[in-house]
Structures are given as structure tokens and as C-alpha cells.
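Please read the structure below before turning to the comments.
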Amino acid sequence: MRKRTLSAATSLAVLFSSAALVAGTAGHAAADSSKVLPVSSVGDMVVDGVHQRVFISDPYLGKVVATDYAGTVLATADGLPGVTGLALSGDAGSLYAAVPGADVVVSLETQTVTETARYATGEGTDPQHVALAGGKIWFGYGNGDHGDIGSIDVSGAEPVVTLAQDAETNYSGAPRLVASPTDPNSIAAASSYHHRFTVGLYDVTAGTASRTARTADSVSNRSMINDLAFTPDGSRLITAGAGNRHFVWQTTDLAEVGGYASDYHGAAVAVAPDGTVAAGSDSSYGKDVFVYRPGATTSVRQYDFPGTGTSSGGDDLANGGLAWEPGGSRLFAVTTAYGASPRLHVLDTPTMSAPTVTVQVPATSPVLKPLTVTGTVTASVPLPAGTPLTVTRYDVDAPQGKALGTRTLGANGSFSFADTPTAGGGVTYKVAYAGDAEHEGASGTAKVEVSRNKAALTLDRNGLNVNFNTPVWYTATLGPTYKNREVEIWADPIGPEPKKLLRRGPVNAEGKFAAQLKMTRDTWVSVNFAGDSRTAPAEARSAVYTRAGQTTTLSRHYTWTKIGGTSYQTYRQTADPMIAAWHNSYPGRSTRLDLQIWYGGAWQHVASDYFQLNANGMAYVTVDGDGAAGYRFRVRSAYIDTASGDNVNTTVYGSWKYFNFTR
């Protein structure tokens, strides 16, 4: 028999067996965000705290884009070929941009991002980086073979450009520049190309760059520097470059005095006014940003940017792509990706420890039986024993969650508690930590499959054989359940006839429920119980067989003759009896006619043959009576399961019809 999948009952069963929540390991309360930028490359980034804007240069498209703190573009300055380094004036009124493709440094008004001045640095100088100190504009220029420092004095009627202010140092690439936050007459410079590693410090009080310190030749194997920043007191300089460490140099003599662990290789560094360090790496398959609280040697927070491009790794932090919000706590980061546009990320709570909550439960457990939930809470700043954790259970009875109260964290950062699930199916436990001044809130979940009690469900009439068009009552019996007492009785006849619902409703006090069906085909009759939160879904089926409808009649006889108690329809041998056989119609169905003769004191087989039924289920067959005078015959029609052309009914044999012939 054909078997179909259940419809409504199955859907409810699936619903009951699935959790209301998708379980995961941990979640954090941070509202970090990111937004696609309309740029193709990233040269530099600065943040304007006065106007709350972020400026990003795009060397490839030759433009500077201004966004708000959410990454929404506010204005764009175009026509700046190769624009790279950016520097903001002390009053945040002007933004200076180094434009190597035009051999100029450009001044942009920060609110409208319109160009207010253009200072030529000399043909072929290729200025790439810029800083403001000692009342002048300082720029790093050159190429991979040689880089140097130049200045622009705009105090007079005409700008005065002075080049080659440290030809002796011979930087590799146009040196990156940064001004000291404490000394208005001090700048630092660093090689931007991989040929040589060089860092220099300069006093610009006299109007020219007087080098006060330079890294020793013994550290020249550190390769190029992608970013550098002073500490707030100006006593240290931090560089981001090759390797898995951001190096720290004391500014008195540029001796190496430590570092911040990061990942390979350093791309950016930003230092907040309170001394918090953000060390960034260009790491497709590792962490991208490491945040260190003042004086700490272990990062309090790490970030790994997801992949948005076509490569398998995560997005890459752009060189110089980190900056703190002036006067605030947010950290801005710019990333690039192969096959995708750069993005601006806003990290809202970078100095807060982000705990990870891991929850474990058994894979399976019986309903109404206690189970144990265990787990850990780990954080870069460990949580003390006794920290309260809130527990919520999600199941089919409480899809929005049922609060289970508060549990406390143990001394080793672990927790354990017992609970008894009251509903079957997927049950999810959520353990949450609310957070505090040093920690973000976090939560973790785990899912256990809770088995439900087996329902006792039966249906009578299995194996029953009935005649065509016989009404049959089917009675289902449902044993004890938790809440649901409703069942459905369905009929699924063999063949293309669709499955149909006979009756749906609650069982009576004895657990009984009945439905009637007039039988026309072999049929699967099933009763379905959708289950409830403590009782599993169930189905019981009965195979009921229906004999094909059948009638056989003879016509064209001229009289009836009684022979030995049997009535015969009597024909003259010149007449041909007409046999009319009927079965309930079905495409391609035939009837089998069996013909026998009385001979030698017994009925002897003459012939059996199949005849196609018409659309009304009829077959008409004539018998040639020539020469049959004095003989007795009998004939019957039969539907033979499968042999008659289909298998939607059960075999049935009609009664014998008797006839004889006279002259």
C-alpha cells in the first residue's frame, strides 16, 4: 500500500520536538557596528572629535571621505591623486592631506571638506605622510630607495618649503610622521618601506628638524613600519610593523623598552589619552585588534573581524586603520577585504572585558527527571567567586523562557546546578551574566533533547476484509497523556485518491474515539496523536482490505429450467447468451470470466479469460451456442488483485450463473 507523510499531525510533532531557541556557546551585549565605505583603498584615518567626523583617505580613487561616527558619508573631496597621510589641526578646523600624485599637501575645511589651500612640495617629491608641529606642516616624502622629511611654513605671505631635513638618516620610503601630544615642537618619523627599519625623533623648535635620537643599527631587521604613536606623556613611542609584537621605544634615546603582543603582522596602533593601547594586526586568520589597559601586559579585549570578501579569511585591518574617539571611549577601525569594499567598524566598549559563558548539558534526558547543567565563565579580567548568574529555561511550554532564578559562580570560574525539565523536545538552558563596570554582559546556551513519555495508541480493524461499499466504524484508543487528548483519524486509500481526514476530536472518558468510512478500496486507516509537552507523538495504523464490487448477469434466454435444485437460464442453440459483468471502475481494469461445463458427473474447466471494462465498469461478452444443445454450463466473473490490471482492491469471485441449451 502507498504510504504518505502525515500533514497536520506531523507538523505539530516537529514543532514540539524543536527548541524555542537556537542554542549557541556565548553571547555579548556589545553593540559594535560596521558600515561599508565608498572607497577602494585606505591610506590613513583621523577622527575629528569637535565635529564628530571620521576622515579616510583613498589613494586609489584619489579622494578623502568624511563620515559621521556611524559611517554615514557626509562629504567627499575628490581630485587628490594618491592621497595618503592625514593630519588634523589643533582647532579641528583644517585637515591636511599629503597628495603624492600632485606633489602637494592640501588643506581641507573640515565641515565641508572643501579645499582651502594647496601647497606644492616640489616636482617628484611624492609627499605621502603629514604631521603638524612647531607651527609648520611636516611631510614625509620619497620612495623605497630614499625618504626624507620636509616642512611647509605658511606663516608668511607665501608658503616656504624646505626639503631634505635629514638626508643622513636615509629612510626607506617616505617616512611616516607623528607629532608628540605633550611637546608641540617634537615629531617622530619611521621608515614606511621594507628595505630598512629606522625610527627617528626630532626637535623642530628652531624651525628645522633637528634629530635627537635614532634607533640603533642592531634593530634594523624589523622591516617597514605601518603605523606609530606616542604615549600620552610623550615618553614612549609604539610602532606597528612586521612580527607578532608592537614594539615600545623610550623617546630619550629610542631604546627598545618592551612591547605589546599582537598577531602577524602589525598594521596600526592607537593610544587613548588615558594610556589605553590598541594594537592592530593585518591577520586574516587570527585576531585583528588587541586592547591593553594602562600599564597592563595582557590584553583586556581582542577582536577578530569577520570576512566579508571572497577570500576564506577574515577582513584585514588597514595600515594606520585604528583611532580612538577624542573625549570618548569608542575605538574606530577600518578594514579591507579581497573582493569587497573597505568597512568602518565602531567598537563601543573596547576597554571592557568580554566574558565567554560556556554551558554544557547532557545530549539527552528523560522528561521529569533531574539533569545537571555545568559550565564556565572566562574573562580577561576574571570574575570573582559569588558572581550572580541568571538562568532561563526555554521549552515548548515556555517558548519565551521560564526564569529559574540566580546561581553563583564558583571560585574557579565554573558553575553547576540541577534542574528537572518539565517538557519534552528541545530544551535550552541560558546562563547569563549581567555585566559590571569592567565587564560586558554575556550569556551562553546549551540544548538538551528531552525524551517524552510514550503514548499508548491503538486502532482496531487491522487486517479486516470487507465487501465493496461497506460502512465500517474504526475505533481508536488513547492511553494516559499530559494535556492533549485530541486525535485524528485519517483514511489513505490505495491509488491516486487523496488522503482525507475522517474525524478530529478529543477521546471520551474511556480514551475512545471513532470514525466511520464507507469502504471502496484497500485503505490504510490511521489515528494520529500530535503529542504534548510530556507525551510523545504517536500513530497507529490498520490495513483494511476491500473486495472489488461485482455483479454478473445473463440475458437473451427464452425460459428457466430447474435441474436438480439449480435454476438454469435456457437458450436455444441458435441464440448467443450475453454475459454482463460489472466491477467498480478503475483505469485499465479487467474482469476475468471463468467458463465450466458439466461433463462426466462433474464441472470441468473450459476457459478463463480477461476482458477490459469500459468507463462504467462494464464488460459485455457473448457465448456462441452453436452445437451446444443438451449441454449445461456455468460462468462467473472475478476481479483478481493485480492480475486484473491494478491492485487497489482485494480479489473477489462472483457467484456462478448457470445456463443450458436446447434445439
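Chain labels follow the order of the C-alpha cells: the first chain is A, the next B, and so on; residue numbering restarts at 1 in every chain, and ligands are counted from 1 in their shown order.
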Worksheet item: Which residues come within 7 Å of Ala455 in chain A, counting only C-alpha atoms, excluding same-chain residues fewer than 5 positions away, as a list of chain:residue names?
Response: A:Gly479, A:Thr481, A:Thr535, A:Ala536, A:Ala538
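Across the structure, CA of Ala615 in chain A and CA of Ser585 in chain A are spaced 6.5 Å apart.
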Discussion item. List the spatial neighbours of range 418-421 of chain A as a PyMOL selection string - criterion: any atom at most 9 Å away, only C-alpha atoms, same-chain residues fewer than 3 positions off excluded.
Written reply: chain A and resi 365-374+393+395+404+424+427+450
If you count only C-alpha atoms, which residues fall within 9 Å of range 264-273 of chain A, apart from same-chain ones fewer than 2 positions away, as a PDB file with C-alpha atoms, in the first residue's frame?
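Saved as result.pdb:
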```
ATOM      1  CA  ILE A 225      56.666  50.373   9.927  1.00  0.00           C
ATOM      2  CA  ASN A 226      52.961  50.606   9.120  1.00  0.00           C
ATOM      3  CA  ASP A 227      51.986  52.970  11.941  1.00  0.00           C
ATOM      4  CA  LEU A 228      53.417  54.671  15.047  1.00  0.00           C
ATOM      5  CA  ALA A 229      52.015  56.583  18.005  1.00  0.00           C
ATOM      6  CA  PHE A 230      53.248  58.420  21.115  1.00  0.00           C
ATOM      7  CA  THR A 231      52.050  57.531  24.587  1.00  0.00           C
ATOM      8  CA  PRO A 232      50.063  60.362  26.234  1.00  0.00           C
ATOM      9  CA  ASP A 233      53.058  61.573  28.282  1.00  0.00           C
ATOM     10  CA  ILE A 238      54.908  52.495  19.861  1.00  0.00           C
ATOM     11  CA  THR A 239      55.427  51.078  16.374  1.00  0.00           C
ATOM     12  CA  ALA A 240      53.356  48.618  14.342  1.00  0.00           C
ATOM     13  CA  GLY A 241      55.243  46.543  11.813  1.00  0.00           C
ATOM     14  CA  ALA A 242      56.413  43.067  10.892  1.00  0.00           C
ATOM     15  CA  GLY A 243      56.209  40.364  13.530  1.00  0.00           C
ATOM     16  CA  ASN A 244      53.666  39.499  16.180  1.00  0.00           C
ATOM     17  CA  ARG A 245      54.554  42.292  18.570  1.00  0.00           C
ATOM     18  CA  HIS A 246      54.091  46.073  18.708  1.00  0.00           C
ATOM     19  CA  SER A 262      49.665  41.115  18.809  1.00  0.00           C
ATOM     20  CA  GLY A 275      47.173  55.416  28.017  1.00  0.00           C
ATOM     21  CA  THR A 276      44.992  52.575  26.738  1.00  0.00           C
ATOM     22  CA  VAL A 277      46.747  50.969  23.765  1.00  0.00           C
ATOM     23  CA  ALA A 278      45.014  49.440  20.744  1.00  0.00           C
ATOM     24  CA  ALA A 279      47.490  47.265  18.848  1.00  0.00           C
ATOM     25  CA  GLY A 280      46.196  46.205  15.446  1.00  0.00           C
ATOM     26  CA  SER A 281      47.365  43.441  13.101  1.00  0.00           C
ATOM     27  CA  ASP A 282      46.754  42.567   9.488  1.00  0.00           C
ATOM     28  CA  SER A 283      45.763  38.981  10.300  1.00  0.00           C
ATOM     29  CA  GLY A 286      43.969  35.473  13.661  1.00  0.00           C
ATOM     30  CA  VAL A 289      42.927  44.159  17.479  1.00  0.00           C
ATOM     31  CA  LEU A 317      42.919  45.800   9.340  1.00  0.00           C
ATOM     32  CA  ALA A 318      44.178  48.633   7.142  1.00  0.00           C
ATOM     33  CA  ASN A 319      47.591  50.181   7.790  1.00  0.00           C
ATOM     34  CA  GLY A 320      47.001  53.102  10.136  1.00  0.00           C
ATOM     35  CA  GLY A 321      43.389  51.941  10.467  1.00  0.00           C
ATOM     36  CA  LEU A 322      42.887  52.499  14.215  1.00  0.00           C
ATOM     37  CA  ALA A 323      41.822  55.672  16.039  1.00  0.00           C
ATOM     38  CA  TRP A 324      40.239  56.469  19.409  1.00  0.00           C
ATOM     39  CA  GLU A 325      37.235  58.711  19.757  1.00  0.00           C
ATOM     40  CA  PRO A 326      38.543  62.050  21.121  1.00  0.00           C
ATOM     41  CA  GLY A 327      36.996  62.595  24.534  1.00  0.00           C
ATOM     42  CA  SER A 329      35.715  55.556  24.783  1.00  0.00           C
ATOM     43  CA  LEU A 331      37.553  52.763  19.011  1.00  0.00           C
TER      44      LEU A 331
END
```
Practice prompt. Can you work out which one of A:Gly144, A:Pro306, A:Gly200, A:Gly101 has the shortest atom-to-atom distance to Thr169 in chain A, counting only C-alpha atoms?
Written response: A:Gly200
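Distance annotation: of A:Thr125, A:Thr570, A:Gln516, A:Ser41, the residue with the minimal separation from Pro342 in chain A is A:Ser41; atom set is only C-alpha atoms.
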Worksheet item: To one decimal place, how far is CA of Gln250 in chain A from CA of Ala133 in chain A in Å?
Response: 19.9 Å
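Closest to Tyr193 in chain A among A:Phe661, A:Trp582, A:Trp490, A:Tyr171 is A:Tyr171, based on only C-alpha atoms.
Taking range 389-422 of chain A and asking which residues DSSP calls strand (DSSP E) on the backbone, you get Leu389, Thr390, Val391, Thr392, Arg393, Tyr394, Lys402, Ala403, Leu404, Gly405, Thr406, Arg407, Thr408, Ser414, Phe415, Ser416, Phe417, Ala418 and Asp419 of chain A.
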Keeping only N, CA and C atoms, write those residues as a PDB file, in the first residue's frame.
```pdb
ATOM      1  N   LEU A 389      24.658  34.716  38.459  1.00  0.00           N
ATOM      2  CA  LEU A 389      24.316  34.335  37.095  1.00  0.00           C
ATOM      3  C   LEU A 389      22.823  34.034  37.052  1.00  0.00           C
ATOM      4  N   THR A 390      22.139  34.528  36.053  1.00  0.00           N
ATOM      5  CA  THR A 390      20.715  34.243  35.917  1.00  0.00           C
ATOM      6  C   THR A 390      20.519  33.091  34.936  1.00  0.00           C
ATOM      7  N   VAL A 391      19.553  32.236  35.248  1.00  0.00           N
ATOM      8  CA  VAL A 391      19.312  31.032  34.452  1.00  0.00           C
ATOM      9  C   VAL A 391      17.881  31.068  33.915  1.00  0.00           C
ATOM     10  N   THR A 392      17.745  30.767  32.640  1.00  0.00           N
ATOM     11  CA  THR A 392      16.437  30.722  31.992  1.00  0.00           C
ATOM     12  C   THR A 392      16.328  29.424  31.206  1.00  0.00           C
ATOM     13  N   ARG A 393      15.151  28.802  31.290  1.00  0.00           N
ATOM     14  CA  ARG A 393      14.904  27.563  30.540  1.00  0.00           C
ATOM     15  C   ARG A 393      13.842  27.836  29.471  1.00  0.00           C
ATOM     16  N   TYR A 394      14.138  27.388  28.241  1.00  0.00           N
ATOM     17  CA  TYR A 394      13.214  27.553  27.120  1.00  0.00           C
ATOM     18  C   TYR A 394      12.748  26.173  26.662  1.00  0.00           C
ATOM     19  N   LYS A 402      11.429  30.549  30.869  1.00  0.00           N
ATOM     20  CA  LYS A 402      10.989  30.491  32.266  1.00  0.00           C
ATOM     21  C   LYS A 402      12.202  30.753  33.152  1.00  0.00           C
ATOM     22  N   ALA A 403      12.141  31.789  33.957  1.00  0.00           N
ATOM     23  CA  ALA A 403      13.250  32.146  34.840  1.00  0.00           C
ATOM     24  C   ALA A 403      13.413  31.085  35.922  1.00  0.00           C
ATOM     25  N   LEU A 404      14.627  30.606  36.083  1.00  0.00           N
ATOM     26  CA  LEU A 404      14.919  29.593  37.109  1.00  0.00           C
ATOM     27  C   LEU A 404      15.686  30.183  38.276  1.00  0.00           C
ATOM     28  N   GLY A 405      15.778  31.508  38.331  1.00  0.00           N
ATOM     29  CA  GLY A 405      16.442  32.135  39.464  1.00  0.00           C
ATOM     30  C   GLY A 405      17.913  32.411  39.197  1.00  0.00           C
ATOM     31  N   THR A 406      18.651  32.633  40.279  1.00  0.00           N
ATOM     32  CA  THR A 406      20.057  33.022  40.209  1.00  0.00           C
ATOM     33  C   THR A 406      20.943  31.917  40.761  1.00  0.00           C
ATOM     34  N   ARG A 407      22.049  31.680  40.087  1.00  0.00           N
ATOM     35  CA  ARG A 407      23.095  30.787  40.583  1.00  0.00           C
ATOM     36  C   ARG A 407      24.373  31.617  40.726  1.00  0.00           C
ATOM     37  N   THR A 408      25.318  31.131  41.493  1.00  0.00           N
ATOM     38  CA  THR A 408      26.558  31.887  41.711  1.00  0.00           C
ATOM     39  C   THR A 408      27.745  31.168  41.096  1.00  0.00           C
ATOM     40  N   SER A 414      33.678  28.304  37.471  1.00  0.00           N
ATOM     41  CA  SER A 414      32.736  27.297  36.991  1.00  0.00           C
ATOM     42  C   SER A 414      31.414  27.413  37.738  1.00  0.00           C
ATOM     43  N   PHE A 415      30.405  26.783  37.182  1.00  0.00           N
ATOM     44  CA  PHE A 415      29.108  26.721  37.854  1.00  0.00           C
ATOM     45  C   PHE A 415      28.489  25.361  37.577  1.00  0.00           C
ATOM     46  N   SER A 416      27.580  24.966  38.429  1.00  0.00           N
ATOM     47  CA  SER A 416      26.886  23.686  38.285  1.00  0.00           C
ATOM     48  C   SER A 416      25.585  23.761  39.062  1.00  0.00           C
ATOM     49  N   PHE A 417      24.510  23.283  38.470  1.00  0.00           N
ATOM     50  CA  PHE A 417      23.235  23.245  39.168  1.00  0.00           C
ATOM     51  C   PHE A 417      22.367  22.172  38.533  1.00  0.00           C
ATOM     52  N   ALA A 418      21.383  21.713  39.296  1.00  0.00           N
ATOM     53  CA  ALA A 418      20.459  20.682  38.834  1.00  0.00           C
ATOM     54  C   ALA A 418      19.126  21.321  38.465  1.00  0.00           C
ATOM     55  N   ASP A 419      18.453  20.714  37.497  1.00  0.00           N
ATOM     56  CA  ASP A 419      17.119  21.158  37.116  1.00  0.00           C
ATOM     57  C   ASP A 419      16.355  19.967  36.571  1.00  0.00           C
TER      58      ASP A 419
END
```
Discussion item. So that I can check the surroundings of Asp103 in chain A, please list as a ChimeraX atom specification every protein, DNA and RNA residue that reaches within 12 Å of it, counting only C-alpha atoms and ignoring chain neighbours fewer than 3 positions away.
Written reply: /A:80-84,97-100,106,118-129,139-142,161
Worksheet entry | Minimum-distance residue to Ala31 in chain A, chosen among A:Thr349, A:Asn528, A:Ser341, A:Thr520 (using only C-alpha atoms) | A:Thr349
Worksheet item: Quick one: of A:Gly134, A:Pro493, A:Gly531, A:Gly328, who's nearest to Leu347 in chain A, counting only C-alpha atoms?
Response: A:Gly328
Worksheet item: Hey, what's within 12 Å of Val36 in chain A if we count only C-alpha atoms and toss same-chain stuff fewer than 6 positions away? As a count of residues only, please?
Response: 18
